[in-house]
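Participant: File name work_38.txt; file contents compact mmCIF, C-alpha atoms and all ligand atoms; full text below.
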# COMPACT_ATOMS: atom_id res chain seq x y z
CA MET A 1 15.99 60.35 -113.87
CA SER A 2 14.23 60.43 -110.51
CA SER A 3 16.07 61.45 -107.37
CA SER A 4 17.33 59.02 -104.75
CA LYS A 5 14.55 60.22 -102.51
CA GLU A 6 11.90 59.26 -105.04
CA ARG A 7 13.55 55.95 -105.83
CA ALA A 8 13.83 55.06 -102.15
CA LYS A 9 10.18 55.91 -101.68
CA LYS A 10 9.28 53.72 -104.65
CA ALA A 11 11.35 50.86 -103.28
CA LEU A 12 9.66 51.04 -99.89
CA LYS A 13 6.27 51.15 -101.54
CA ALA A 14 7.11 48.04 -103.55
CA MET A 15 8.18 46.29 -100.36
CA THR A 16 5.01 47.22 -98.45
CA ALA A 17 3.06 45.92 -101.43
CA ILE A 18 4.44 42.45 -100.75
CA GLY A 19 3.70 42.72 -97.05
CA LEU A 20 7.05 43.84 -95.64
CA SER A 21 7.12 46.65 -93.15
CA ALA A 22 8.62 49.89 -94.50
CA ASP A 23 10.26 50.53 -91.13
CA GLU A 24 12.01 47.17 -91.22
CA VAL A 25 13.07 47.50 -94.83
CA LYS A 26 14.44 51.07 -94.48
CA PRO A 27 17.70 50.15 -92.72
CA VAL A 28 18.27 47.28 -95.15
CA LEU A 29 17.74 49.56 -98.10
CA LEU A 30 20.06 52.11 -96.63
CA GLN A 31 22.75 49.54 -96.07
CA LEU A 32 22.34 48.11 -99.56
CA PHE A 33 22.47 51.60 -101.00
CA LYS A 34 25.82 52.16 -99.32
CA ALA A 35 27.19 48.72 -100.12
CA SER A 36 26.30 49.06 -103.80
CA GLU A 37 27.84 52.54 -103.95
CA LYS A 38 24.47 54.14 -104.59
CA ASN A 39 23.74 51.86 -107.52
CA TRP A 40 19.97 52.15 -107.89
CA ASP A 41 19.89 50.04 -111.06
CA TYR A 42 21.33 47.18 -109.07
CA ILE A 43 18.80 47.65 -106.26
CA GLU A 44 15.84 48.01 -108.60
CA ALA A 45 16.72 45.14 -110.93
CA ASP A 46 14.12 42.36 -111.29
CA ASN A 47 11.59 44.15 -109.18
CA TYR A 48 13.96 44.76 -106.23
CA GLN A 49 14.96 41.13 -106.10
CA VAL A 50 18.25 41.88 -104.35
CA LEU A 51 16.50 44.02 -101.74
CA VAL A 52 13.93 41.33 -100.93
CA GLN A 53 16.63 38.68 -100.78
CA THR A 54 18.90 40.78 -98.58
CA PHE A 55 16.01 41.58 -96.27
CA TRP A 56 15.23 37.89 -95.70
CA GLU A 57 18.89 36.98 -95.42
CA LEU A 58 19.37 39.53 -92.66
CA GLN A 59 16.21 38.32 -90.92
CA GLU A 60 17.58 34.81 -91.17
CA ALA A 61 20.99 35.87 -89.81
CA LYS A 62 19.34 37.67 -86.91
CA LEU A 63 17.24 34.62 -86.19
CA ALA A 64 20.27 32.33 -86.21
CA GLU A 65 22.03 34.76 -83.86
CA ASP A 66 19.05 34.78 -81.48
CA GLU A 67 18.83 31.02 -81.59
CA LYS A 68 22.51 30.76 -80.73
CA LYS A 69 21.89 32.97 -77.73
CA GLY A 70 18.96 30.76 -76.78
CA ASP A 71 16.65 33.64 -77.40
CA LYS A 72 14.03 31.91 -79.48
CA ASP A 73 11.04 33.63 -77.98
CA ASP A 74 10.28 36.08 -80.72
CA PHE A 75 10.35 33.42 -83.36
CA LEU A 76 8.27 30.96 -81.40
CA LEU A 77 5.70 33.63 -80.63
CA GLY A 78 5.43 34.30 -84.32
CA LYS A 79 6.79 37.85 -83.99
CA ARG A 80 9.00 39.17 -86.71
CA PRO A 81 12.67 39.31 -85.73
CA ARG A 82 13.69 42.90 -84.99
CA MET A 83 16.16 44.76 -87.13
CA GLU A 84 17.98 46.87 -84.54
CA ALA A 85 21.12 44.85 -85.09
CA ILE A 86 21.62 46.48 -88.45
CA GLU A 87 23.85 49.49 -88.37
CA LEU A 88 22.49 52.64 -89.87
CA CYS A 89 24.46 54.98 -92.05
CA GLU A 90 26.51 57.07 -89.55
CA ASP A 91 26.03 60.16 -91.61
CA GLN A 92 22.34 59.79 -92.14
CA ALA A 93 21.62 63.49 -92.13
CA SER A 94 23.73 64.18 -95.19
CA CYS A 95 22.98 60.91 -96.91
CA ASP A 96 21.02 61.56 -100.09
CA VAL A 97 18.40 59.03 -99.09
CA GLU A 98 17.14 61.33 -96.37
CA VAL A 99 13.70 60.10 -97.37
CA PHE A 100 14.23 57.33 -94.86
CA SER A 101 13.49 59.72 -92.08
CA GLU A 102 10.28 60.85 -93.76
CA SER A 103 7.02 59.20 -93.04
CA LEU A 104 5.51 57.49 -96.05
CA GLY A 105 2.09 59.04 -96.31
CA TYR A 106 -0.02 57.56 -99.05
CA ALA A 107 -2.44 59.70 -100.91
CA GLN A 108 -5.90 58.23 -100.87
CA ASP A 109 -7.74 57.90 -104.10
CA PRO A 110 -11.21 59.35 -104.01
CA TYR A 111 -13.73 56.54 -103.84
CA THR A 112 -15.50 55.86 -107.10
CA PRO A 113 -18.05 53.13 -106.61
CA MET A 114 -18.19 52.32 -110.32
CA ASN A 115 -16.33 49.89 -112.48
CA ASP A 116 -13.75 51.36 -114.76
CA ILE A 117 -14.82 52.05 -118.27
CA ALA A 118 -13.35 49.36 -120.44
CA SER A 119 -11.90 50.10 -123.80
CA GLY A 120 -13.88 47.38 -125.53
CA THR A 121 -16.67 48.29 -127.88
CA ARG A 122 -19.80 46.29 -127.72
CA GLU A 123 -23.39 46.84 -128.55
CA SER A 124 -24.36 47.17 -124.88
CA SER A 125 -21.58 49.41 -123.67
CA GLN A 126 -24.18 52.14 -123.31
CA VAL A 127 -27.63 50.81 -122.69
CA GLN A 128 -30.76 51.62 -120.81
CA GLY A 129 -30.91 50.11 -117.35
CA GLY A 130 -34.40 48.99 -116.32
CA SER A 131 -37.12 51.51 -116.75
CA SER A 132 -35.02 54.47 -115.71
CA ALA A 133 -35.31 57.44 -117.99
CA THR A 134 -31.61 58.20 -117.57
CA PRO A 135 -29.40 55.80 -119.49
CA THR A 136 -27.29 53.57 -117.25
CA VAL A 137 -23.75 53.27 -118.45
CA MET A 138 -23.20 49.54 -118.54
CA VAL A 139 -19.52 49.04 -118.12
CA GLN A 140 -17.85 46.26 -120.00
CA THR A 141 -15.20 44.62 -117.86
CA VAL A 142 -15.26 41.18 -119.41
CA THR A 143 -14.87 40.50 -123.10
CA GLU A 144 -15.42 36.94 -124.27
CA GLY A 145 -14.63 35.53 -120.83
CA ARG A 146 -11.44 37.62 -120.47
CA LEU A 147 -11.12 40.43 -118.01
CA ASN A 148 -10.18 43.85 -119.26
CA ASP A 149 -6.46 44.38 -118.55
CA LYS A 150 -6.80 47.78 -116.92
CA PHE A 151 -9.60 46.58 -114.66
CA LEU A 152 -7.56 43.53 -113.63
CA GLU A 153 -4.48 45.64 -112.90
CA ASP A 154 -6.57 48.03 -110.80
CA CYS A 155 -8.01 45.13 -108.79
CA LEU A 156 -4.53 43.69 -108.22
CA SER A 157 -3.13 47.05 -107.18
CA MET A 158 -5.98 47.47 -104.68
CA LYS A 159 -5.18 44.13 -103.12
CA ALA A 160 -1.44 44.73 -103.10
CA ASN A 161 -1.58 48.29 -101.75
CA PRO A 162 -4.82 48.59 -99.80
CA GLN A 163 -3.50 51.68 -97.99
CA GLN A 164 -3.46 53.57 -101.26
CA HIS A 165 -7.13 52.96 -101.83
CA HIS A 166 -10.32 53.83 -100.11
CA LEU A 167 -10.65 51.86 -96.88
CA PHE A 168 -13.78 51.86 -94.77
CA PHE A 169 -13.27 51.80 -90.99
CA CYS A 170 -16.23 50.67 -88.92
CA GLN A 171 -16.92 52.03 -85.45
CA ASP A 172 -17.83 48.58 -84.23
CA CYS A 173 -16.30 46.02 -86.58
CA PRO A 174 -18.35 42.81 -86.92
CA LEU A 175 -15.25 40.85 -87.95
CA GLU A 176 -13.36 41.92 -84.85
CA ARG A 177 -16.45 41.34 -82.72
CA ALA A 178 -16.67 37.78 -84.04
CA LYS A 179 -13.17 37.22 -82.70
CA ASN A 180 -13.69 38.86 -79.32
CA GLU A 181 -17.25 39.73 -78.44
CA HIS A 182 -16.51 41.71 -75.27
CA PHE A 183 -13.31 43.49 -76.20
CA PRO A 184 -13.30 43.77 -79.97
CA ALA A 185 -10.11 45.19 -81.43
CA LYS A 186 -10.13 48.34 -83.55
CA CYS A 187 -11.26 47.84 -87.14
CA ASN A 188 -8.37 47.24 -89.52
CA GLY A 189 -10.25 48.84 -92.39
CA HIS A 190 -12.12 47.18 -95.22
CA LEU A 191 -11.28 47.64 -98.83
CA ILE A 192 -14.08 49.02 -100.94
CA ARG A 193 -13.64 46.70 -103.87
CA LYS A 194 -14.30 47.02 -107.54
CA PHE A 195 -17.16 44.97 -108.90
CA ILE A 196 -17.68 43.41 -112.28
CA LYS A 197 -21.18 44.13 -113.44
CA GLU A 198 -22.27 41.58 -115.96
CA CYS A 199 -24.87 42.26 -118.60
CA TRP A 200 -28.30 40.87 -117.99
CA VAL A 201 -31.77 40.73 -119.35
CA LYS A 202 -32.44 44.44 -118.85
CA CYS A 203 -29.40 45.48 -120.85
CA GLY A 204 -31.17 44.56 -124.00
CA CYS A 205 -28.01 43.03 -125.41
CA ALA A 206 -27.81 39.62 -127.03
CA GLU A 207 -27.50 36.47 -124.92
CA GLY A 208 -24.12 35.87 -126.53
CA CYS A 209 -22.78 39.24 -125.34
CA GLY A 210 -19.16 39.02 -124.20
CA ASN A 211 -19.83 40.78 -120.90
CA ARG A 212 -21.36 37.61 -119.45
CA ALA A 213 -18.81 35.14 -118.14
CA VAL A 214 -19.68 34.11 -114.61
CA GLN A 215 -23.34 33.51 -115.44
CA ARG A 216 -22.30 31.11 -118.20
CA GLY A 217 -20.22 28.95 -115.89
CA ILE A 218 -16.88 27.18 -116.29
CA ASN A 219 -15.48 27.26 -119.78
CA CYS A 220 -12.04 25.67 -119.38
CA ASN A 221 -10.87 22.13 -118.70
CA LEU A 222 -10.13 21.89 -115.00
CA GLN A 223 -8.73 18.87 -113.21
CA VAL A 224 -8.65 18.09 -109.49
CA PHE A 225 -5.35 16.35 -108.73
CA MET A 226 -3.35 15.26 -105.68
CA THR A 227 -0.51 17.72 -105.08
CA HIS A 228 2.95 16.54 -104.10
CA ALA A 229 3.44 19.37 -101.66
CA GLY A 230 1.40 18.09 -98.72
CA LYS A 231 -1.48 20.44 -99.47
CA GLY A 232 -3.96 17.68 -100.33
CA TRP A 233 -6.02 18.04 -103.49
CA GLY A 234 -5.39 20.92 -105.84
CA VAL A 235 -6.73 22.17 -109.18
CA ARG A 236 -5.03 22.69 -112.50
CA ALA A 237 -6.17 23.44 -116.03
CA LEU A 238 -5.47 21.07 -118.89
CA GLN A 239 -5.03 23.96 -121.30
CA ASP A 240 -3.08 27.21 -121.32
CA LEU A 241 -5.06 30.05 -119.79
CA PRO A 242 -4.27 33.59 -120.90
CA LYS A 243 -4.14 36.41 -118.36
CA GLY A 244 -7.61 37.58 -117.30
CA THR A 245 -9.40 34.28 -118.02
CA PHE A 246 -12.47 33.49 -115.96
CA VAL A 247 -11.74 30.14 -114.30
CA CYS A 248 -14.66 29.48 -111.97
CA GLU A 249 -16.81 30.98 -109.32
CA TYR A 250 -16.17 30.32 -105.63
CA ALA A 251 -19.39 28.64 -104.54
CA GLY A 252 -20.37 27.89 -100.97
CA GLU A 253 -23.04 28.35 -98.38
CA ILE A 254 -23.67 31.95 -97.49
CA LEU A 255 -23.34 32.20 -93.72
CA THR A 256 -23.46 35.15 -91.40
CA ASN A 257 -20.54 35.64 -89.08
CA THR A 258 -22.71 34.45 -86.21
CA GLU A 259 -23.63 31.24 -88.05
CA LEU A 260 -19.99 30.60 -88.90
CA TYR A 261 -19.01 31.10 -85.28
CA GLU A 262 -21.75 28.69 -84.12
CA ARG A 263 -20.72 26.15 -86.74
CA ASN A 264 -17.16 26.26 -85.51
CA MET A 265 -18.23 26.02 -81.89
CA THR A 266 -20.51 23.03 -82.41
CA GLY A 267 -17.76 21.06 -84.08
CA GLY A 268 -18.83 21.65 -87.66
CA GLY A 269 -15.62 23.49 -88.18
CA LYS A 270 -13.34 20.88 -86.68
CA GLY A 271 -11.03 19.24 -89.17
CA ARG A 272 -12.46 21.49 -91.84
CA HIS A 273 -10.80 21.39 -95.20
CA THR A 274 -11.97 24.71 -96.44
CA TYR A 275 -11.33 28.22 -95.31
CA PRO A 276 -14.39 30.50 -95.28
CA VAL A 277 -14.21 33.57 -97.47
CA THR A 278 -15.45 36.86 -96.08
CA LEU A 279 -17.73 38.75 -98.40
CA ASP A 280 -17.11 42.45 -98.37
CA ALA A 281 -20.45 42.88 -96.69
CA ASP A 282 -21.46 46.26 -97.99
CA TRP A 283 -18.73 48.16 -96.21
CA GLY A 284 -19.15 51.83 -96.73
CA SER A 285 -22.91 51.87 -96.61
CA GLU A 286 -24.03 54.36 -93.99
CA LYS A 287 -25.34 51.93 -91.41
CA THR A 288 -23.27 49.86 -89.00
CA LEU A 289 -23.19 46.21 -89.94
CA LYS A 290 -24.37 43.74 -87.37
CA ASP A 291 -22.90 40.25 -86.98
CA GLU A 292 -25.92 38.83 -88.78
CA GLU A 293 -25.17 41.04 -91.75
CA ALA A 294 -21.49 40.39 -92.26
CA LEU A 295 -21.42 37.44 -94.62
CA CYS A 296 -19.00 34.76 -95.65
CA LEU A 297 -18.94 31.85 -98.08
CA ASP A 298 -18.31 28.46 -96.52
CA ALA A 299 -17.61 25.63 -98.96
CA THR A 300 -17.29 22.94 -96.26
CA TYR A 301 -20.55 21.19 -97.11
CA TYR A 302 -21.60 22.71 -100.42
CA GLY A 303 -19.37 24.08 -103.09
CA ASN A 304 -17.89 23.55 -106.51
CA VAL A 305 -14.41 22.85 -107.91
CA ALA A 306 -13.10 26.09 -106.34
CA ARG A 307 -13.13 24.39 -102.94
CA PHE A 308 -10.10 22.40 -104.12
CA ILE A 309 -8.03 25.43 -105.10
CA ASN A 310 -5.11 25.82 -102.71
CA HIS A 311 -3.74 28.98 -101.19
CA ARG A 312 -0.52 30.75 -102.20
CA CYS A 313 0.86 33.86 -100.48
CA TYR A 314 1.05 36.99 -102.69
CA ASP A 315 2.09 35.54 -106.03
CA ALA A 316 -0.86 33.25 -106.70
CA ASN A 317 -1.95 32.92 -110.31
CA LEU A 318 -5.64 33.61 -109.59
CA THR A 319 -7.44 36.48 -107.96
CA ASP A 320 -10.99 36.79 -106.69
CA ILE A 321 -13.21 39.54 -108.00
CA PRO A 322 -16.74 40.34 -106.84
CA VAL A 323 -19.35 40.09 -109.56
CA GLN A 324 -22.86 41.42 -109.74
CA VAL A 325 -25.06 39.20 -111.84
CA GLU A 326 -28.58 40.52 -112.18
CA THR A 327 -28.90 42.30 -108.83
CA PRO A 328 -26.94 45.45 -108.10
CA ASP A 329 -26.16 44.06 -104.65
CA ARG A 330 -22.87 44.58 -102.86
CA HIS A 331 -23.91 42.36 -100.00
CA TYR A 332 -24.92 39.12 -101.69
CA TYR A 333 -22.83 38.73 -104.78
CA HIS A 334 -20.79 36.22 -106.72
CA LEU A 335 -17.07 35.79 -106.23
CA ALA A 336 -15.24 34.83 -109.41
CA LEU A 337 -11.66 33.67 -109.91
CA PHE A 338 -9.63 35.03 -112.82
CA THR A 339 -6.04 34.37 -113.89
CA VAL A 340 -3.67 37.25 -113.10
CA ARG A 341 -1.10 36.19 -115.70
CA ASP A 342 -0.74 33.64 -118.47
CA VAL A 343 -0.96 30.21 -116.86
CA LYS A 344 0.44 27.11 -118.53
CA ALA A 345 -1.52 23.87 -118.83
CA GLN A 346 -0.85 21.56 -115.83
CA GLU A 347 0.34 24.44 -113.62
CA GLU A 348 -1.42 24.34 -110.26
CA LEU A 349 -4.04 27.08 -109.90
CA THR A 350 -3.66 28.99 -106.66
CA TRP A 351 -5.35 31.86 -104.94
CA ASP A 352 -4.29 34.04 -102.00
CA TYR A 353 -6.97 33.40 -99.35
CA GLY A 354 -5.79 36.55 -97.57
CA ILE A 355 -5.00 34.66 -94.39
CA ASP A 356 -3.13 36.47 -91.66
CA PHE A 357 -1.08 33.57 -90.29
CA ALA A 358 -0.18 35.58 -87.19
CA ASP A 359 -3.84 36.09 -86.26
CA ASP A 360 -4.45 33.48 -83.59
CA ASP A 361 -7.90 34.92 -82.84
CA HIS A 362 -9.43 34.09 -86.22
CA PRO A 363 -12.51 31.85 -85.82
CA VAL A 364 -10.87 29.29 -88.12
CA LYS A 365 -7.36 28.07 -87.28
CA ALA A 366 -4.98 28.70 -90.12
CA PHE A 367 -3.16 25.71 -91.60
CA LYS A 368 0.60 25.49 -91.81
CA CYS A 369 1.29 27.08 -95.15
CA ARG A 370 3.20 25.05 -97.72
CA CYS A 371 2.63 27.37 -100.64
CA GLY A 372 6.30 27.48 -101.59
CA SER A 373 6.19 31.19 -102.37
CA ARG A 374 9.31 33.15 -101.51
CA PHE A 375 6.94 35.72 -100.06
CA CYS A 376 5.16 33.22 -97.81
CA ARG A 377 3.53 34.99 -94.86
CA ASP A 378 3.64 31.95 -92.58
CA ASN A 379 6.85 33.10 -90.95
CA LYS A 380 6.95 30.33 -88.41
CA LYS A 381 8.15 28.00 -91.11
CA LEU A 382 10.77 30.38 -92.39
CA LYS A 383 13.80 28.30 -91.64
CA ARG A 384 15.49 28.42 -94.96
CA LYS A 385 19.25 28.47 -94.77
CA LEU A 386 20.27 31.58 -96.61
CA VAL A 387 23.74 32.91 -97.07
CA VAL A 388 24.22 36.54 -96.17
CA VAL A 389 25.67 38.12 -99.25
CA LEU A 390 25.82 41.61 -97.93
CA ASP A 391 29.35 42.51 -96.94
CA ASP A 392 29.39 46.08 -95.88
C1 LIG B 1 -10.12 25.20 -100.09
S1 LIG B 1 -9.27 23.81 -99.47
C2 LIG B 1 -8.24 23.37 -100.80
C3 LIG B 1 -8.37 21.90 -101.14
C4 LIG B 1 -7.66 20.98 -100.19
N1 LIG B 1 -6.24 20.93 -100.52
C5 LIG B 1 -8.25 19.59 -100.18
O1 LIG B 1 -7.53 18.60 -100.34
O2 LIG B 1 -9.49 19.49 -100.01
C6 LIG B 1 -8.24 24.56 -98.29
C7 LIG B 1 -7.45 23.59 -97.47
O3 LIG B 1 -6.38 23.06 -98.24
C8 LIG B 1 -5.17 23.06 -97.52
N2 LIG B 1 -4.28 24.07 -98.11
C9 LIG B 1 -4.59 25.00 -99.02
N3 LIG B 1 -3.53 25.73 -99.33
C10 LIG B 1 -2.51 25.28 -98.59
C11 LIG B 1 -1.15 25.68 -98.44
N4 LIG B 1 -0.64 26.68 -99.12
N5 LIG B 1 -0.40 24.98 -97.57
C12 LIG B 1 -0.91 23.96 -96.87
N6 LIG B 1 -2.19 23.55 -96.96
C13 LIG B 1 -2.99 24.20 -97.80
C14 LIG B 1 -5.55 23.45 -96.09
O4 LIG B 1 -5.85 22.29 -95.39
C15 LIG B 1 -6.80 24.27 -96.29
O5 LIG B 1 -7.62 24.28 -95.15
Can you turn what I pasted into C-alpha cells?
Ligand SMILES: C[S@@+](CC[C@H](N)C(=O)[O-])C[C@H]1O[C@@H](n2cnc3c(N)ncnc32)[C@H](O)[C@@H]1O
Facilitator:
Amino acid sequence: MSSSKERAKKALKAMTAIGLSADEVKPVLLQLFKASEKNWDYIEADNYQVLVQTFWELQEAKLAEDEKKGDKDDFLLGKRPRMEAIELCEDQASCDVEVFSESLGYAQDPYTPMNDIASGTRESSQVQGGSSATPTVMVQTVTEGRLNDKFLEDCLSMKANPQQHHLFFCQDCPLERAKNEHFPAKCNGHLIRKFIKECWVKCGCAEGCGNRAVQRGINCNLQVFMTHAGKGWGVRALQDLPKGTFVCEYAGEILTNTELYERNMTGGGKGRHTYPVTLDADWGSEKTLKDEEALCLDATYYGNVARFINHRCYDANLTDIPVQVETPDRHYYHLALFTVRDVKAQEELTWDYGIDFADDDHPVKAFKCRCGSRFCRDNKKLKRKLVVVLDD
C-alpha cells in the first residue's frame, strides 16, 4: 500500500489534471483527510469524487460569504475565490501528509517525436519509406478506423497533464504577440503533440489497409440537430461508436495568425459561430515562428460537419489528434476527431476546444459556456447552490 505522502501527491496530480490548482486543493485535501479520519479509500473513491465536490462546495461557500459581505469583486473579475478561509491542520509538521509542504515537481518525459508503436500486426507495419535505403518504420496507430488504445490514452494524458510532457517555450511567442503586439506576455509553452501517420502510396500496402482512416472520410452516420441547451446546432451519431472511432476531420480555412487577426478586425469575426483552432505550428523546430507561420483552422466560411460540434470542458467524448496524410509535415496537417470512450447513439458529440475562459485578450471572444460539465472552466457561471457537507 502506498504511503499517505504518495497518495496525497497522486490526488493533487489528479486534481491538476482537471484544471484545479494544486495550491488551492491542498488545504481542502488536508481538511478532508482529517475529517475522514485518514480514510484514503473514501477520498480516492470514484476518481476523487468527494474531493472535487468538497473543493467546489467550499469555493461556493466562500463565494456566498463574500457576496454577503458585498465583496463580489473577485467573482465579477473572473478570479478564482481564494481559499485562505480554510483552516489548516494545526499540527501540520507532524501530520503524515507532510507532502503538502513539498513542491510538486513533475518529471519531464524525454521528447520522442515518433508515434508509439502499436500492437497491431499488419502487412505495412514495417515498410520502406520512399526511396530511402533505410527502412522507415511505419507505425500503425489506426486499425480499421479505430485508434490504438495505448496511443489514444497517451494523447489524452498529454492533454490532461501537459506539464508532465515535453513543452516547447518560444522566446517570442506568436500567439502571445497576436494578443498584444507591443508587450507580448511570456510564452505559456506549447505541447509537442503526437501525430498519427497514415499509410500512403509509398508504403506499398494495399489501398484497403486499416491504417488509413482520415483519408477515407466519414464512415459513421452523423446528424446535425438543434440542442436544447442553448448552444445552437450540435452533432450526434445515429449509431453507437466504440472508443477510438474516427468521427470526422475538422475542416476549415488555413489562416495565419495575422490573417485571423485582420479578419476579426475587419468585422469578419463579428458574430462568428465558430472558434478557430490553433494548429501546433511546428513548435520545437529550431527557428522562431513568425506570425505568418503560426497557423489556425477557421471554419467560419468553409468547413464540414465538424463546425457544428459543440464544446465541452474536460470530459468531452471526442478528442482532436493531428494526422499526417501523405506529407510528413507538422505545420500543415489534418486534425481528426476520435471518440475517447464508447459513445451511445443519439448522445451529443462534444470536443474540448481548449478555451481559456479567463483569457480576455484572446482575438476571439469566448462564448458563455453551457457545456453542463461539472468541471466547466467558465467560472463566471458557477452559481450552483451546493450544500457544504464537510463538517470538521
Ligand atoms: C463550432 S460552433 C458549434 C456549432 C454551433 N452550435 C452552431 O449552431 O453553429 C461553435 C459555437 O457554438 C456555440 N457553442 C459551442 N459550444 C458551446 C457551449 N459549450 N456553450 C455555449 N455555446 C457553445 C458557440 O456559439 C460557439 O462559438
Participant: Pick out the residues no farther than 10 Å from ligand LIG 1 (chain B), counting all atoms listed in the file, and list them as a JSON list (two decimals) with C-alpha atoms, in the coordinates of the input.
Facilitator:
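Below is the file selection.json, written as the result:
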[["chain", "number", "residue", "atom", "x", "y", "z"],
["A", 224, "VAL", "CA", -8.65, 18.09, -109.49],
["A", 225, "PHE", "CA", -5.35, 16.35, -108.73],
["A", 226, "MET", "CA", -3.35, 15.26, -105.68],
["A", 227, "THR", "CA", -0.51, 17.72, -105.08],
["A", 229, "ALA", "CA", 3.44, 19.37, -101.66],
["A", 230, "GLY", "CA", 1.40, 18.09, -98.72],
["A", 231, "LYS", "CA", -1.48, 20.44, -99.47],
["A", 232, "GLY", "CA", -3.96, 17.68, -100.33],
["A", 233, "TRP", "CA", -6.02, 18.04, -103.49],
["A", 234, "GLY", "CA", -5.39, 20.92, -105.84],
["A", 235, "VAL", "CA", -6.73, 22.17, -109.18],
["A", 250, "TYR", "CA", -16.17, 30.32, -105.63],
["A", 271, "GLY", "CA", -11.03, 19.24, -89.17],
["A", 272, "ARG", "CA", -12.46, 21.49, -91.84],
["A", 273, "HIS", "CA", -10.80, 21.39, -95.20],
["A", 274, "THR", "CA", -11.97, 24.71, -96.44],
["A", 275, "TYR", "CA", -11.33, 28.22, -95.31],
["A", 276, "PRO", "CA", -14.39, 30.50, -95.28],
["A", 277, "VAL", "CA", -14.21, 33.57, -97.47],
["A", 298, "ASP", "CA", -18.31, 28.46, -96.52],
["A", 299, "ALA", "CA", -17.61, 25.63, -98.96],
["A", 300, "THR", "CA", -17.29, 22.94, -96.26],
["A", 303, "GLY", "CA", -19.37, 24.08, -103.09],
["A", 305, "VAL", "CA", -14.41, 22.85, -107.91],
["A", 306, "ALA", "CA", -13.10, 26.09, -106.34],
["A", 307, "ARG", "CA", -13.13, 24.39, -102.94],
["A", 308, "PHE", "CA", -10.10, 22.40, -104.12],
["A", 309, "ILE", "CA", -8.03, 25.43, -105.10],
["A", 310, "ASN", "CA", -5.11, 25.82, -102.71],
["A", 311, "HIS", "CA", -3.74, 28.98, -101.19],
["A", 312, "ARG", "CA", -0.52, 30.75, -102.20],
["A", 313, "CYS", "CA", 0.86, 33.86, -100.48],
["A", 350, "THR", "CA", -3.66, 28.99, -106.66],
["A", 351, "TRP", "CA", -5.35, 31.86, -104.94],
["A", 352, "ASP", "CA", -4.29, 34.04, -102.00],
["A", 353, "TYR", "CA", -6.97, 33.40, -99.35],
["A", 364, "VAL", "CA", -10.87, 29.29, -88.12],
["A", 365, "LYS", "CA", -7.36, 28.07, -87.28],
["A", 366, "ALA", "CA", -4.98, 28.70, -90.12],
["A", 367, "PHE", "CA", -3.16, 25.71, -91.60],
["A", 368, "LYS", "CA", 0.60, 25.49, -91.81],
["A", 369, "CYS", "CA", 1.29, 27.08, -95.15],
["A", 370, "ARG", "CA", 3.20, 25.05, -97.72],
["A", 371, "CYS", "CA", 2.63, 27.37, -100.64],
["A", 372, "GLY", "CA", 6.30, 27.48, -101.59],
["A", 373, "SER", "CA", 6.19, 31.19, -102.37],
["A", 376, "CYS", "CA", 5.16, 33.22, -97.81],
["A", 378, "ASP", "CA", 3.64, 31.95, -92.58]]
Participant: Give me, please, the distance in Å between CA of Ala237 (chain A) and CA of Lys344 (chain A), quoted to one decimal.
Facilitator: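 Distance reported for this atom pair: 8.0 Å.
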Participant: I need the residue nearest Lys202 (chain A) from this list: A:Val325, A:Ala345, A:Cys296, A:Leu29. Use all atoms listed in the file for the distance.
Facilitator: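 The shortest atom-to-atom distance to Lys202 (chain A) comes from A:Val325.
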Participant: Just how far from CA of Gly252 (chain A) is CA of Asn264 (chain A), in Å to one decimal?
Facilitator: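 That distance, rounded to one decimal, is 15.9 Å.
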Participant: Residues at most 7 Å from region 185-196 of chain A, counting only C-alpha atoms, excluding those fewer than 6 positions away in the same chain, as a CSV table (one decimal) with C-alpha atoms, in the coordinates of the input?
Facilitator:
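The resulting selection14.csv:
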chain,number,residue,atom,x,y,z
A,115,ASN,CA,-16.3,49.9,-112.5
A,141,THR,CA,-15.2,44.6,-117.9
A,155,CYS,CA,-8.0,45.1,-108.8
A,162,PRO,CA,-4.8,48.6,-99.8
A,166,HIS,CA,-10.3,53.8,-100.1
A,167,LEU,CA,-10.6,51.9,-96.9
A,168,PHE,CA,-13.8,51.9,-94.8
A,169,PHE,CA,-13.3,51.8,-91.0
A,170,CYS,CA,-16.2,50.7,-88.9
A,173,CYS,CA,-16.3,46.0,-86.6
A,176,GLU,CA,-13.4,41.9,-84.8
A,283,TRP,CA,-18.7,48.2,-96.2
A,321,ILE,CA,-13.2,39.5,-108.0
A,322,PRO,CA,-16.7,40.3,-106.8
A,323,VAL,CA,-19.4,40.1,-109.6
A,324,GLN,CA,-22.9,41.4,-109.7
Participant: Which is closest to Asn211 (chain A) among A:Thr319, A:Asn148, A:Gln53, A:Thr16, if we use only C-alpha atoms?
Facilitator: A:Asn148
Participant: Measure the distance from CA of Glu259 (chain A) to CA of Phe357 (chain A) in Å and round it to one decimal.
Facilitator: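 About the pair CA of Glu259 (chain A) and CA of Phe357 (chain A): they are 22.8 Å apart.
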Participant: Mind listing as a ChimeraX atom specification all residues within 12 Å of (-19.4, 29.5, -114.0), counting only C-alpha atoms?
Facilitator: /A:145,212-220,245-251,304-306,323,325,334-338
Participant: From the list A:Asp315, A:Glu207, A:Glu144, A:Asp41, which residue is nearest Leu349 (chain A) when using all atoms listed in the file?
Facilitator: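 Closest to Leu349 (chain A) of all the choices is A:Asp315.
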Participant: Show me that you can extract region 255-268 of chain A, keeping C-alpha atoms, and write it as a tab-separated table (two decimals), in the first residue's frame.
Facilitator:
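Written file, part_19.tsv:
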chain	number	residue	atom	x	y	z
A	255	LEU	CA	-5.21	31.11	-41.84
A	256	THR	CA	-2.09	32.61	-40.37
A	257	ASN	CA	-2.43	34.37	-37.06
A	258	THR	CA	-2.06	37.68	-38.86
A	259	GLU	CA	-4.88	36.84	-41.27
A	260	LEU	CA	-7.11	35.76	-38.39
A	261	TYR	CA	-6.39	38.98	-36.57
A	262	GLU	CA	-7.21	41.03	-39.70
A	263	ARG	CA	-10.39	39.04	-40.27
A	264	ASN	CA	-11.52	39.78	-36.76
A	265	MET	CA	-10.62	43.44	-37.05
A	266	THR	CA	-12.45	43.97	-40.34
A	267	GLY	CA	-15.65	42.54	-38.93
A	268	GLY	CA	-15.34	39.08	-40.43
